[in-house]
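K.L.:
Pasting structure-v9.pdb below, which is PDB, C-alpha atoms, pLDDT in the B column.
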ATOM      1  CA  MET A   1     163.785  61.060  87.352  1.00 84.00           C
ATOM      2  CA  LEU A   2     167.474  60.174  86.931  1.00 78.00           C
ATOM      3  CA  ALA A   3     170.484  62.498  87.065  1.00 81.00           C
ATOM      4  CA  GLY A   4     170.681  64.383  83.776  1.00 80.00           C
ATOM      5  CA  ASP A   5     167.075  63.713  82.790  1.00 89.00           C
ATOM      6  CA  PRO A   6     165.061  66.721  81.585  1.00 93.00           C
ATOM      7  CA  PHE A   7     162.279  67.993  83.791  1.00 96.00           C
ATOM      8  CA  PRO A   8     158.790  66.854  82.804  1.00 96.00           C
ATOM      9  CA  PRO A   9     156.243  69.375  81.499  1.00 96.00           C
ATOM     10  CA  LEU A  10     154.780  71.551  84.239  1.00 97.00           C
ATOM     11  CA  SER A  11     151.335  70.307  83.278  1.00 95.00           C
ATOM     12  CA  ARG A  12     152.252  67.085  85.091  1.00 96.00           C
ATOM     13  CA  ALA A  13     152.592  68.815  88.459  1.00 96.00           C
ATOM     14  CA  TRP A  14     150.018  67.657  90.995  1.00 95.00           C
ATOM     15  CA  GLY A  15     147.081  70.022  91.257  1.00 92.00           C
ATOM     16  CA  GLU A  16     145.126  71.578  94.110  1.00 86.00           C
ATOM     17  CA  GLY A  17     143.297  69.003  96.175  1.00 88.00           C
ATOM     18  CA  SER A  18     146.003  66.368  95.760  1.00 92.00           C
ATOM     19  CA  ASP A  19     148.213  65.108  98.595  1.00 92.00           C
ATOM     20  CA  ALA A  20     151.134  67.233  97.363  1.00 94.00           C
ATOM     21  CA  PRO A  21     149.909  70.130  95.198  1.00 94.00           C
ATOM     22  CA  GLY A  22     152.693  71.423  92.991  1.00 95.00           C
ATOM     23  CA  LEU A  23     154.834  68.287  93.099  1.00 97.00           C
ATOM     24  CA  LEU A  24     156.356  67.752  89.663  1.00 98.00           C
ATOM     25  CA  ALA A  25     159.102  65.120  89.926  1.00 97.00           C
ATOM     26  CA  ALA A  26     161.315  63.110  92.270  1.00 97.00           C
ATOM     27  CA  GLY A  27     164.983  62.249  91.877  1.00 97.00           C
ATOM     28  CA  GLY A  28     167.615  63.885  89.721  1.00 96.00           C
ATOM     29  CA  GLU A  29     170.543  65.847  91.103  1.00 97.00           C
ATOM     30  CA  LEU A  30     171.272  69.152  92.803  1.00 97.00           C
ATOM     31  CA  SER A  31     174.046  70.266  90.481  1.00 97.00           C
ATOM     32  CA  VAL A  32     174.427  73.920  89.524  1.00 97.00           C
ATOM     33  CA  LEU A  33     173.261  73.084  86.006  1.00 97.00           C
ATOM     34  CA  SER A  34     170.156  71.275  87.263  1.00 97.00           C
ATOM     35  CA  LEU A  35     169.290  74.146  89.593  1.00 98.00           C
ATOM     36  CA  VAL A  36     169.669  76.739  86.836  1.00 97.00           C
ATOM     37  CA  GLN A  37     167.492  74.689  84.519  1.00 97.00           C
ATOM     38  CA  ALA A  38     164.902  74.276  87.276  1.00 98.00           C
ATOM     39  CA  TYR A  39     164.667  77.932  88.282  1.00 98.00           C
ATOM     40  CA  GLU A  40     164.536  79.075  84.667  1.00 98.00           C
ATOM     41  CA  ARG A  41     161.431  76.892  84.290  1.00 98.00           C
ATOM     42  CA  GLY A  42     159.767  77.984  87.521  1.00 97.00           C
ATOM     43  CA  ILE A  43     160.741  74.805  89.405  1.00 98.00           C
ATOM     44  CA  PHE A  44     162.457  74.540  92.790  1.00 97.00           C
ATOM     45  CA  PRO A  45     163.650  71.678  95.061  1.00 97.00           C
ATOM     46  CA  TRP A  46     162.139  71.107  98.487  1.00 95.00           C
ATOM     47  CA  PHE A  47     162.334  67.846 100.435  1.00 94.00           C
ATOM     48  CA  ASN A  48     162.670  66.535 103.965  1.00 91.00           C
ATOM     49  CA  PRO A  49     165.298  64.227 105.473  1.00 91.00           C
ATOM     50  CA  GLY A  50     164.907  60.681 104.187  1.00 91.00           C
ATOM     51  CA  GLN A  51     163.098  61.731 101.013  1.00 93.00           C
ATOM     52  CA  PRO A  52     164.445  61.807  97.458  1.00 96.00           C
ATOM     53  CA  ILE A  53     164.971  65.197  95.845  1.00 97.00           C
ATOM     54  CA  LEU A  54     161.484  66.570  95.200  1.00 97.00           C
ATOM     55  CA  TRP A  55     160.868  69.232  92.549  1.00 97.00           C
ATOM     56  CA  TRP A  56     157.901  71.613  92.754  1.00 97.00           C
ATOM     57  CA  SER A  57     155.997  74.053  90.568  1.00 96.00           C
ATOM     58  CA  PRO A  58     152.862  75.127  92.463  1.00 95.00           C
ATOM     59  CA  ASP A  59     149.828  76.725  90.878  1.00 95.00           C
ATOM     60  CA  PRO A  60     149.063  79.391  91.994  1.00 93.00           C
ATOM     61  CA  ARG A  61     152.438  80.912  92.844  1.00 94.00           C
ATOM     62  CA  MET A  62     152.984  83.419  95.666  1.00 94.00           C
ATOM     63  CA  VAL A  63     154.694  86.539  94.336  1.00 96.00           C
ATOM     64  CA  LEU A  64     155.626  89.834  95.978  1.00 97.00           C
ATOM     65  CA  ARG A  65     155.681  92.700  93.506  1.00 97.00           C
ATOM     66  CA  VAL A  66     158.297  95.034  94.907  1.00 96.00           C
ATOM     67  CA  GLN A  67     156.040  98.068  94.517  1.00 95.00           C
ATOM     68  CA  ASP A  68     153.418  96.307  96.673  1.00 95.00           C
ATOM     69  CA  PHE A  69     155.738  95.695  99.628  1.00 95.00           C
ATOM     70  CA  ARG A  70     154.002  96.916 102.781  1.00 91.00           C
ATOM     71  CA  VAL A  71     155.988  98.758 105.421  1.00 89.00           C
ATOM     72  CA  HIS A  72     153.535  98.885 108.309  1.00 88.00           C
ATOM     73  CA  ARG A  73     153.598 101.977 110.507  1.00 89.00           C
ATOM     74  CA  SER A  74     155.124 100.290 113.555  1.00 89.00           C
ATOM     75  CA  PHE A  75     157.880  98.658 111.493  1.00 93.00           C
ATOM     76  CA  LYS A  76     158.522 101.915 109.628  1.00 93.00           C
ATOM     77  CA  LYS A  77     159.529 103.586 112.885  1.00 93.00           C
ATOM     78  CA  THR A  78     161.678 100.605 113.850  1.00 95.00           C
ATOM     79  CA  LEU A  79     163.381 100.633 110.454  1.00 96.00           C
ATOM     80  CA  GLN A  80     164.083 104.353 110.746  1.00 94.00           C
ATOM     81  CA  ARG A  81     165.800 103.742 114.095  1.00 96.00           C
ATOM     82  CA  PHE A  82     167.818 100.910 112.529  1.00 97.00           C
ATOM     83  CA  GLN A  83     169.009 103.227 109.754  1.00 95.00           C
ATOM     84  CA  ALA A  84     169.973 105.938 112.217  1.00 95.00           C
ATOM     85  CA  ASP A  85     172.060 103.614 114.401  1.00 97.00           C
ATOM     86  CA  ALA A  86     175.713 103.616 113.343  1.00 96.00           C
ATOM     87  CA  GLY A  87     176.109 100.088 114.710  1.00 97.00           C
ATOM     88  CA  CYS A  88     173.420  98.672 112.402  1.00 98.00           C
ATOM     89  CA  GLU A  89     174.056  97.779 108.780  1.00 98.00           C
ATOM     90  CA  ILE A  90     173.021  95.573 105.891  1.00 98.00           C
ATOM     91  CA  ARG A  91     175.712  93.498 104.224  1.00 98.00           C
ATOM     92  CA  VAL A  92     175.445  91.465 101.027  1.00 98.00           C
ATOM     93  CA  ASN A  93     177.134  88.106 100.407  1.00 98.00           C
ATOM     94  CA  THR A  94     179.645  88.480 103.236  1.00 98.00           C
ATOM     95  CA  ASN A  95     178.529  85.345 105.113  1.00 98.00           C
ATOM     96  CA  PHE A  96     176.335  83.242 102.837  1.00 98.00           C
ATOM     97  CA  ALA A  97     177.405  80.042 104.594  1.00 98.00           C
ATOM     98  CA  GLY A  98     176.402  81.463 107.965  1.00 98.00           C
ATOM     99  CA  VAL A  99     173.015  82.554 106.643  1.00 98.00           C
ATOM    100  CA  ILE A 100     172.054  79.225 105.096  1.00 98.00           C
ATOM    101  CA  GLN A 101     173.284  77.291 108.133  1.00 97.00           C
ATOM    102  CA  ALA A 102     171.267  79.547 110.445  1.00 97.00           C
ATOM    103  CA  CYS A 103     168.184  79.135 108.232  1.00 95.00           C
ATOM    104  CA  ALA A 104     168.601  75.358 108.439  1.00 94.00           C
ATOM    105  CA  GLN A 105     168.682  75.507 112.225  1.00 91.00           C
ATOM    106  CA  MET A 106     165.765  77.936 112.583  1.00 80.00           C
ATOM    107  CA  GLN A 107     162.810  76.338 114.364  1.00 58.00           C
ATOM    108  CA  ARG A 108     159.391  77.290 112.992  1.00 53.00           C
ATOM    109  CA  PRO A 109     156.129  76.529 114.840  1.00 46.00           C
ATOM    110  CA  THR A 110     154.416  74.942 111.821  1.00 47.00           C
ATOM    111  CA  GLN A 111     157.417  72.914 110.669  1.00 48.00           C
ATOM    112  CA  ARG A 112     158.961  69.794 112.163  1.00 41.00           C
ATOM    113  CA  GLY A 113     162.667  69.644 111.413  1.00 44.00           C
ATOM    114  CA  THR A 114     164.125  71.390 108.367  1.00 63.00           C
ATOM    115  CA  TRP A 115     163.944  71.066 104.597  1.00 81.00           C
ATOM    116  CA  ILE A 116     167.405  72.684 104.320  1.00 92.00           C
ATOM    117  CA  VAL A 117     169.112  69.324 104.669  1.00 93.00           C
ATOM    118  CA  PRO A 118     172.911  68.913 104.232  1.00 94.00           C
ATOM    119  CA  PRO A 119     172.666  68.106 100.483  1.00 95.00           C
ATOM    120  CA  MET A 120     170.680  71.340 100.002  1.00 96.00           C
ATOM    121  CA  VAL A 121     173.268  73.329 101.947  1.00 97.00           C
ATOM    122  CA  ASP A 122     176.072  71.897  99.813  1.00 97.00           C
ATOM    123  CA  ALA A 123     174.139  72.515  96.602  1.00 98.00           C
ATOM    124  CA  TYR A 124     173.313  76.132  97.405  1.00 98.00           C
ATOM    125  CA  MET A 125     176.857  76.822  98.544  1.00 98.00           C
ATOM    126  CA  ALA A 126     177.961  75.737  95.055  1.00 98.00           C
ATOM    127  CA  PHE A 127     175.104  77.797  93.587  1.00 98.00           C
ATOM    128  CA  HIS A 128     176.378  80.804  95.537  1.00 98.00           C
ATOM    129  CA  GLU A 129     179.939  80.280  94.332  1.00 98.00           C
ATOM    130  CA  ALA A 130     178.593  80.118  90.766  1.00 98.00           C
ATOM    131  CA  GLY A 131     176.953  83.536  91.255  1.00 98.00           C
ATOM    132  CA  TYR A 132     173.295  82.519  91.438  1.00 98.00           C
ATOM    133  CA  ALA A 133     172.539  82.421  95.177  1.00 98.00           C
ATOM    134  CA  HIS A 134     172.981  85.473  97.397  1.00 98.00           C
ATOM    135  CA  SER A 135     172.498  86.621 100.967  1.00 98.00           C
ATOM    136  CA  PHE A 136     171.328  89.876 102.548  1.00 98.00           C
ATOM    137  CA  GLU A 137     172.489  90.053 106.146  1.00 98.00           C
ATOM    138  CA  THR A 138     171.540  92.178 109.154  1.00 98.00           C
ATOM    139  CA  TRP A 139     174.535  93.136 111.279  1.00 98.00           C
ATOM    140  CA  VAL A 140     174.421  94.875 114.668  1.00 98.00           C
ATOM    141  CA  ASP A 141     177.632  95.930 116.418  1.00 98.00           C
ATOM    142  CA  ALA A 142     179.725  93.815 114.002  1.00 98.00           C
ATOM    143  CA  LYS A 143     177.641  90.667 114.638  1.00 98.00           C
ATOM    144  CA  MET A 144     175.318  89.010 112.125  1.00 98.00           C
ATOM    145  CA  VAL A 145     171.918  88.736 113.826  1.00 98.00           C
ATOM    146  CA  ALA A 146     169.640  87.904 110.896  1.00 98.00           C
ATOM    147  CA  GLY A 147     169.565  87.335 107.165  1.00 98.00           C
ATOM    148  CA  LEU A 148     167.978  85.756 104.146  1.00 97.00           C
ATOM    149  CA  TYR A 149     169.135  84.034 101.003  1.00 98.00           C
ATOM    150  CA  PHE A 150     167.681  83.994  97.521  1.00 98.00           C
ATOM    151  CA  VAL A 151     168.346  82.898  93.952  1.00 98.00           C
ATOM    152  CA  SER A 152     168.785  85.351  91.092  1.00 98.00           C
ATOM    153  CA  VAL A 153     168.690  84.500  87.374  1.00 98.00           C
ATOM    154  CA  GLY A 154     168.787  87.644  85.248  1.00 98.00           C
ATOM    155  CA  HIS A 155     166.164  89.887  86.872  1.00 98.00           C
ATOM    156  CA  ALA A 156     164.204  86.901  88.197  1.00 98.00           C
ATOM    157  CA  VAL A 157     164.502  86.698  91.995  1.00 98.00           C
ATOM    158  CA  PHE A 158     163.411  83.711  94.063  1.00 98.00           C
ATOM    159  CA  GLY A 159     163.217  84.023  97.844  1.00 96.00           C
ATOM    160  CA  GLU A 160     164.351  80.916  99.710  1.00 95.00           C
ATOM    161  CA  SER A 161     164.565  81.282 103.494  1.00 94.00           C
ATOM    162  CA  MET A 162     165.381  83.690 106.307  1.00 94.00           C
ATOM    163  CA  PHE A 163     166.389  83.619 109.960  1.00 95.00           C
ATOM    164  CA  THR A 164     166.638  86.028 112.839  1.00 96.00           C
ATOM    165  CA  THR A 165     167.907  86.073 116.391  1.00 97.00           C
ATOM    166  CA  VAL A 166     166.444  89.500 117.200  1.00 97.00           C
ATOM    167  CA  THR A 167     163.051  91.139 116.784  1.00 96.00           C
ATOM    168  CA  ASP A 168     162.484  92.302 113.183  1.00 95.00           C
ATOM    169  CA  GLY A 169     166.010  91.286 112.134  1.00 97.00           C
ATOM    170  CA  SER A 170     164.926  89.349 109.047  1.00 95.00           C
ATOM    171  CA  LYS A 171     162.451  92.119 108.160  1.00 95.00           C
ATOM    172  CA  PHE A 172     165.360  94.551 107.950  1.00 97.00           C
ATOM    173  CA  ALA A 173     167.100  92.230 105.482  1.00 97.00           C
ATOM    174  CA  LEU A 174     163.918  91.785 103.446  1.00 96.00           C
ATOM    175  CA  ALA A 175     163.250  95.529 103.354  1.00 97.00           C
ATOM    176  CA  ALA A 176     166.813  96.075 102.133  1.00 98.00           C
ATOM    177  CA  LEU A 177     166.361  93.442  99.438  1.00 98.00           C
ATOM    178  CA  ILE A 178     163.154  95.123  98.273  1.00 97.00           C
ATOM    179  CA  ALA A 179     164.948  98.483  98.146  1.00 97.00           C
ATOM    180  CA  ALA A 180     167.783  96.898  96.133  1.00 98.00           C
ATOM    181  CA  CYS A 181     165.261  95.290  93.767  1.00 98.00           C
ATOM    182  CA  ARG A 182     163.594  98.647  93.166  1.00 97.00           C
ATOM    183  CA  ALA A 183     166.972 100.249  92.511  1.00 96.00           C
ATOM    184  CA  ALA A 184     167.889  97.513  90.014  1.00 97.00           C
ATOM    185  CA  GLY A 185     164.536  97.501  88.225  1.00 97.00           C
ATOM    186  CA  VAL A 186     163.539  94.047  89.477  1.00 98.00           C
ATOM    187  CA  ALA A 187     159.749  93.819  89.363  1.00 97.00           C
ATOM    188  CA  GLN A 188     158.939  90.982  91.730  1.00 97.00           C
ATOM    189  CA  LEU A 189     160.166  88.448  94.249  1.00 97.00           C
ATOM    190  CA  ASP A 190     158.981  84.857  93.942  1.00 97.00           C
ATOM    191  CA  CYS A 191     157.863  83.583  97.353  1.00 93.00           C
ATOM    192  CA  GLN A 192     156.956  80.069  96.113  1.00 87.00           C
ATOM    193  CA  GLN A 193     154.327  79.069  98.678  1.00 79.00           C
ATOM    194  CA  VAL A 194     151.086  80.859  99.609  1.00 77.00           C
ATOM    195  CA  THR A 195     151.104  81.946 103.290  1.00 79.00           C
ATOM    196  CA  ASN A 196     149.220  84.518 105.360  1.00 84.00           C
ATOM    197  CA  HIS A 197     152.502  86.068 106.545  1.00 80.00           C
ATOM    198  CA  LEU A 198     153.611  86.776 102.985  1.00 83.00           C
ATOM    199  CA  ALA A 199     150.182  88.181 102.162  1.00 88.00           C
ATOM    200  CA  SER A 200     150.514  90.597 105.099  1.00 89.00           C
ATOM    201  CA  LEU A 201     153.678  91.974 103.456  1.00 90.00           C
ATOM    202  CA  GLY A 202     151.907  92.573 100.156  1.00 93.00           C
ATOM    203  CA  ALA A 203     152.434  89.266  98.341  1.00 94.00           C
ATOM    204  CA  SER A 204     149.632  87.756  96.298  1.00 94.00           C
ATOM    205  CA  ALA A 205     148.914  84.521  94.472  1.00 93.00           C
ATOM    206  CA  LEU A 206     149.430  84.434  90.702  1.00 94.00           C
ATOM    207  CA  PRO A 207     148.244  81.736  88.310  1.00 96.00           C
ATOM    208  CA  ARG A 208     151.276  79.721  87.269  1.00 96.00           C
ATOM    209  CA  ALA A 209     150.864  80.693  83.602  1.00 97.00           C
ATOM    210  CA  GLN A 210     151.033  84.371  84.531  1.00 97.00           C
ATOM    211  CA  PHE A 211     154.043  83.778  86.766  1.00 97.00           C
ATOM    212  CA  LEU A 212     155.853  81.898  83.987  1.00 97.00           C
ATOM    213  CA  GLU A 213     155.271  84.760  81.555  1.00 97.00           C
ATOM    214  CA  SER A 214     156.813  87.246  83.977  1.00 97.00           C
ATOM    215  CA  LEU A 215     159.677  84.805  84.573  1.00 98.00           C
ATOM    216  CA  ARG A 216     160.332  84.499  80.838  1.00 97.00           C
ATOM    217  CA  LEU A 217     160.842  88.241  80.580  1.00 97.00           C
ATOM    218  CA  ALA A 218     162.839  88.639  83.795  1.00 98.00           C
ATOM    219  CA  LYS A 219     165.342  85.825  83.268  1.00 97.00           C
ATOM    220  CA  SER A 220     166.372  87.196  79.862  1.00 96.00           C
ATOM    221  CA  GLN A 221     167.666  90.465  81.359  1.00 97.00           C
ATOM    222  CA  GLU A 222     171.216  91.141  82.503  1.00 97.00           C
ATOM    223  CA  PRO A 223     172.133  89.651  85.910  1.00 97.00           C
ATOM    224  CA  VAL A 224     171.806  92.043  88.825  1.00 98.00           C
ATOM    225  CA  LYS A 225     175.025  93.126  90.546  1.00 97.00           C
ATOM    226  CA  TRP A 226     173.773  92.791  94.098  1.00 98.00           C
ATOM    227  CA  GLY A 227     174.916  95.230  96.732  1.00 98.00           C
ATOM    228  CA  PHE A 228     173.527  97.621  99.308  1.00 98.00           C
ATOM    229  CA  SER A 229     174.507 100.964 100.797  1.00 95.00           C
ATOM    230  CA  PRO A 230     172.592 103.355 103.092  1.00 94.00           C
ATOM    231  CA  PRO A 231     171.392 105.631 100.225  1.00 95.00           C
ATOM    232  CA  ASP A 232     169.471 102.637  98.836  1.00 96.00           C
ATOM    233  CA  TRP A 233     166.948 103.020 101.670  1.00 96.00           C
ATOM    234  CA  GLN A 234     165.526 105.968  99.735  1.00 94.00           C
ATOM    235  CA  HIS A 235     163.789 103.475  97.441  1.00 94.00           C
ATOM    236  CA  LEU A 236     161.415 102.648 100.307  1.00 92.00           C
ATOM    237  CA  ASP A 237     158.771 105.181 101.258  1.00 76.00           C
ATOM    238  CA  LEU A 238     159.483 105.686 104.958  1.00 68.00           C
ATOM    239  CA  GLN A 239     158.089 109.184 105.325  1.00 59.00           C
ATOM    240  CA  GLY A 240     154.943 109.873 107.301  1.00 50.00           C
TER     241      GLY A 240
END
Written as structure tokens, how would this file's structure read?
P.N.:
Amino acid sequence: MLAGDPFPPLSRAWGEGSDAPGLLAAGGELSVLSLVQAYERGIFPWFNPGQPILWWSPDPRMVLRVQDFRVHRSFKKTLQRFQADAGCEIRVNTNFAGVIQACAQMQRPTQRGTWIVPPMVDAYMAFHEAGYAHSFETWVDAKMVAGLYFVSVGHAVFGESMFTTVTDGSKFALAALIAACRAAGVAQLDCQQVTNHLASLGASALPRAQFLESLRLAKSQEPVKWGFSPPDWQHLDLQG
């Protein structure tokens, strides 16, 4: 696939049982226009150092419906303490560069190296400046300790990556994002890949055709004006 070429039909994506299930195309460019066109079609880039740009559209697709988000009892108490602490806060889009850089440096037990390579960082910085990529950040005593970043097209929200330097830090940011989604009428968060961790939070696998139908409806709605303030916590059920 050359720069400027259209994406192939999703039916060409490699299926389950192949060496790379969900792989659709290789090559192209990471311009803002290409990224918008990709996300609007349910496609996202993901590649390792030394590889060409790889574009994916897995089937099934892991999706977290915001009403299904699970706040487990132990975390509920921790989140209530976070809310009550005047030194703890959630900020939105105040340090996107710091979030994506920290995500790139985050070491994960099942992953060797990072897929957030320098070209991806540059591309998503431009995507952020164009108003499509956003960050929710956990701050404690005026220091950013955790965060996540995501892509938003209309009411379609695509989770990308998160980091933390403290226990439950990224969970605070995710819980805030879910609360903001509920407040804005966003129905679901695309999680891309099927994992047990996401399932424990309430995410489930959707057939790609069903995901694409929900995407078609969501992307046509007005863009969300992302923000967060303490009253937004009310959109999570933290009682009991």
K.L.:
Hey, what comes out of the PyMOL selection byres ((chain A and resi 92) around 10) on this file? Could you write it as a PDB file with C-alpha atoms, keeping the file's coordinate frame?
P.N.:
ATOM      1  CA  ILE A  90     173.021  95.573 105.891  1.00 98.00           C
ATOM      2  CA  ARG A  91     175.712  93.498 104.224  1.00 98.00           C
ATOM      3  CA  ASN A  93     177.134  88.106 100.407  1.00 98.00           C
ATOM      4  CA  THR A  94     179.645  88.480 103.236  1.00 98.00           C
ATOM      5  CA  ASN A  95     178.529  85.345 105.113  1.00 98.00           C
ATOM      6  CA  PHE A  96     176.335  83.242 102.837  1.00 98.00           C
ATOM      7  CA  HIS A 134     172.981  85.473  97.397  1.00 98.00           C
ATOM      8  CA  SER A 135     172.498  86.621 100.967  1.00 98.00           C
ATOM      9  CA  PHE A 136     171.328  89.876 102.548  1.00 98.00           C
ATOM     10  CA  GLU A 137     172.489  90.053 106.146  1.00 98.00           C
ATOM     11  CA  THR A 138     171.540  92.178 109.154  1.00 98.00           C
ATOM     12  CA  GLY A 147     169.565  87.335 107.165  1.00 98.00           C
ATOM     13  CA  LEU A 148     167.978  85.756 104.146  1.00 97.00           C
ATOM     14  CA  TYR A 149     169.135  84.034 101.003  1.00 98.00           C
ATOM     15  CA  ALA A 173     167.100  92.230 105.482  1.00 97.00           C
ATOM     16  CA  ALA A 176     166.813  96.075 102.133  1.00 98.00           C
ATOM     17  CA  LEU A 177     166.361  93.442  99.438  1.00 98.00           C
ATOM     18  CA  TRP A 226     173.773  92.791  94.098  1.00 98.00           C
ATOM     19  CA  GLY A 227     174.916  95.230  96.732  1.00 98.00           C
ATOM     20  CA  PHE A 228     173.527  97.621  99.308  1.00 98.00           C
ATOM     21  CA  SER A 229     174.507 100.964 100.797  1.00 95.00           C
TER      22      SER A 229
END
K.L.:
CA of Glu40 in chain A and CA of Pro52 in chain A, how far apart in Å?
P.N.:
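The value is 21.5 Å.
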K.L.:
So which residues touch Lys225 in chain A within 12 Å, counting only C-alpha atoms, skipping near sequence neighbours fewer than 6 positions away, as a ChimeraX atom specification?
P.N.:
/A:92-93,131-134,152-155,180-181,183-186
K.L.:
Keeping C-alpha atoms, export the residues of the selection given above as a tab-separated table (two decimals), in the coordinates of the input.
P.N.:
chain	number	residue	atom	x	y	z
A	92	VAL	CA	175.44	91.46	101.03
A	93	ASN	CA	177.13	88.11	100.41
A	131	GLY	CA	176.95	83.54	91.26
A	132	TYR	CA	173.30	82.52	91.44
A	133	ALA	CA	172.54	82.42	95.18
A	134	HIS	CA	172.98	85.47	97.40
A	152	SER	CA	168.78	85.35	91.09
A	153	VAL	CA	168.69	84.50	87.37
A	154	GLY	CA	168.79	87.64	85.25
A	155	HIS	CA	166.16	89.89	86.87
A	180	ALA	CA	167.78	96.90	96.13
A	181	CYS	CA	165.26	95.29	93.77
A	183	ALA	CA	166.97	100.25	92.51
A	184	ALA	CA	167.89	97.51	90.01
A	185	GLY	CA	164.54	97.50	88.22
A	186	VAL	CA	163.54	94.05	89.48
K.L.:
Quick one: pull the distance between CA of Ser57 in chain A and CA of Arg208 in chain A, Å, one decimal.
P.N.:
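Between CA of Ser57 in chain A and CA of Arg208 in chain A the gap is 8.1 Å.
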K.L.:
Here's the selection I'm unsure about, the PyMOL selection byres ((chain A and resi 6) around 10); applied to the file above, which residues does it give, as a VMD selection string?
P.N.:
chain A and resid 1 to 5 7 to 9 28 34 37 to 38
K.L.:
Given the file above and the PyMOL selection byres ((chain A and resi 79) around 9), which residues are selected, and can you give them as a list of chain:residue names?
P.N.:
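For this structure, the PyMOL selection byres ((chain A and resi 79) around 9) captures A:Ser74, A:Phe75, A:Lys76, A:Lys77, A:Thr78, A:Gln80, A:Arg81, A:Phe82, A:Gln83, A:Ala84, A:Asp168, A:Lys171, A:Phe172, A:Ala175, A:Leu238.
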